[in-house]
Each structure stands twice: as C-alpha cells, then as structure tokens.
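Engineer: Following this message is one structure expressed as structure tokens.
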Amino acid sequence: MINAFISIRVLDVFDVFIVALLFFQIYQWVKNSVAINIFLGIFVIYLFWLVVKVLKMQLLGTILGQFMGVGVIAILIVFQQEIRRFFLHIGTRYFSKSSKFSLEGLITGQVFQSNWSKKSEIIKACYAMSETKTGAIIVITNQSELISFAETGDYINADINANLIQSIFFKNSPLHDGAMLIAGNKILAVRVTLPINHDIKLPAQYGMRHIAAVSMNYQTNTLVIVVSEETGQISYAWDGQLYSIESETEFKKIFNHDF
C-alpha cells in the first residue's frame with residue numbers, strides 16, 4: 001500500500017529554509033549590479049535544461065548538459081567580484097574586531113568604532129568642507145588586507161584631525177587628489193587610487209569621485225565618505241549604494257557599520 005502522506009522531518013524544513021535564505025542572499029549581493037542579468041540568464045537556461053530532460057530531447061539535452069557541466073567554472077569567472085566581496089564580508093563580520101586581524105592592532109591597538117573623538121573630527125572636517133564645496137573622499141577601514149591600497153598613495157600615518165583633513169583636501173594642496181585612507185585611528189595614507197567599477201551606474205549629478213566611492217565599497221566592503229565639489233553634499237557608500245547624509249545624527253549612525 002502506498003503511503004498517501006509525505007513524511008516531513010524538521011531537518012527538511014530547515015533544509016528548505018537554508019536554501020531559500022541562500023538564494024535570497026545571492027540576490028541581495030547581485031541585485032544592484034549588472035551581474036543580476038547574468039544570474040537570471042543562467043537560471044533561465046537551467047530551468048530550460050530541466051524541461052528538456054523531462055521531455056527527453058536527447059540532442060538538445062546533451063548540448064545543454066555540456067554547458068551545465070562547466071557551469072560552476074563559468075559562475076566562478078563571471079561572479080568573481082561578487083564572490084570575493086561575499087567572502088570579504090564574512091571575514092570582516094567575524095574577524096574585524098580581533099586585534100590579530102585588524103589594522104587597529106597593527107597601528108595603535110585602539111578600536112576606531114568606539115573612539116568618538118576620532119569620529120567627531122571626521123564629521124567636523126566633512127561639514128567644513130561641505131560649506132566651502134571642497135571635494136573629498138575618505139575611506140575608513142579596520143581591514144589589514146587593505147594596506148595594499150595605501151601603497152598607491154603617500155603614507156603619512158598621522159593622527160585624525162579635522163584641520164589636517166581640510167588642509168589635505170584643500171584644492172591647492174599637492175595631496176588633495178585621490179582618496180584618504182583612515183585605518184584604525186590613523187590617517188594612514190593620502191592620494192590613494194581607488195578601483196573603478198564601470199558596471200556601477202549613478203544618476204547624472206554624481207561624478208567619478210562618487211563612482212570610485214561606490215566601487216571601493218562594493219569591492220572591499222569598507223565605509224567611504226564623499227563630499228561633492230559641485231554641491232557640497234555629503235554622502236557615503238555602503239552595501240554597493242550611495243546615500244546622502246542629511247543630519248549629524250545620521251552621520252554618527254553610519255559608523256555603526258562593520259567595516
């Protein structure tokens with residue numbers, strides 16, 4: 001006698017939940033990039049392959065089967081930036097607070113997230129530059145692997161100070177071009193070159209400085225603050241998006257992110 005009821009274990013429900021959560025996370029990671037179209041294309045081909053197998057269309061099934069056989073390698077190549085960003089996010093989330101893995105342990109032994117005096121200096125400098133429409137881009141990180149970006153600019157390893165930040169980004173300063181890298185509790189480097197992701201599309205009012213900020217955040221999961229030279233608007237890049245800062249209270253809240 002055939003059992004008319006399907007036996008469902010608690011582990012089966014948990015299994016379905018984990019898979020659904022995994023697909024949701026994948027969608028969250030790629031939804032804001034051109035990769036979402038590639039992902040949907042691969043998914044459609046996979047569904048088509050399943051239909052072909054059910055209909056037993058041998059020739060087409062063989063061709064699609066060969067394609068799906070190398071699908072994992074193709075996915076690794078196509079989504080290499082997204083995969084890198086995912087593992088970087090995991091590593092940052094679980095290890096960035098440890099002095100063994102973080103820049104604050106290498107530089108000062110202090111934790112930037114809890115040091116409000118340093119944050120207030122950054123906020124003060126950004127509002128001052130906003131009033132004078134001085135363009136600026138500041139990368140804030142606790143990730144030791146990002147020291148390599150400092151090598152593209154000039155090391156200064158200076159204390160975080162509002163007047164110093166303003167002086168560096170002053171338009172006649174020889175150090176104003178490029179980004180400032182704040183690591184731990186130090187201004188580690190200036191004139192830093194940031195990566196540009198040409199797949200990132202922003203509204204027309206944003207320039208290359210903003211694209212560089214979003215690109216840097218998208219690739220490294222770091223907090224990037226931008227002051228617009230045209231409008232004086234203060235923005236920050238996070239989770240692959242650009243957000244305007246409308247108040248000092250909101251400005252303070254952005255430092256709660258794990259970077």
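Letters A, B, ... go to the chains of the structure tokens in the order shown; residues in each chain start at 1; ligands are counted from 1 in the same order.
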If you count only C-alpha atoms, which residues fall within 12 Å of Ile160 in chain A, apart from same-chain ones fewer than 3 positions away, as a PyMOL selection string?

Structural biologist: chain A and resi 112+115-125+138+140+156-157+163-166+168+180-189

Engineer: As an MDAnalysis selection string, please: every residue in range 99-249 of chain A that a backbone DSSP assignment puts in helix (DSSP H, G or I).

Structural biologist: chainID A and resid 103:107 112:114 116:131 144:150 162:169 208:220 248:249

Engineer: Excluding Lys171 in chain A and its own-chain neighbours fewer than 6 positions away, which residues fall within 9 Å of it when counting only C-alpha atoms? Please give them as a VMD selection string.

Structural biologist: chain A and resid 134 to 135 177

Engineer: Atoms to include: N, CA and C atoms. Write the selected residues as a PDB file, in the first residue's frame.

Structural biologist:
ATOM      1  N   THR A 134      34.515  71.838  -0.930  1.00  0.00           N
ATOM      2  CA  THR A 134      35.821  71.210  -1.156  1.00  0.00           C
ATOM      3  C   THR A 134      35.609  69.715  -1.365  1.00  0.00           C
ATOM      4  N   GLY A 135      35.946  69.220  -2.526  1.00  0.00           N
ATOM      5  CA  GLY A 135      35.751  67.807  -2.829  1.00  0.00           C
ATOM      6  C   GLY A 135      36.651  66.929  -1.983  1.00  0.00           C
ATOM      7  N   ASP A 177      44.482  65.362  -4.437  1.00  0.00           N
ATOM      8  CA  ASP A 177      43.961  64.483  -5.482  1.00  0.00           C
ATOM      9  C   ASP A 177      43.981  63.035  -5.007  1.00  0.00           C
TER      10      ASP A 177
END

Engineer: Tell me which protein, DNA and RNA residues are within 12 Å of Ser228 in chain A, counting only C-alpha atoms, leaving out same-chain ones fewer than 6 positions away, and put them as a list in words.

Structural biologist: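 With the cut-off at 12 Å, the set is Cys126, Tyr127, Met129, Ser130, Glu131, Thr132, Lys133, Thr134, Gly135, Ala136, Ile137, Ile138, Phe169, Gln205, Tyr206, Gly207, Met208, Arg209, His210, Ile211, Ala213, Ile234, Ser235, Tyr236, Ser244 and Ile245 of chain A.
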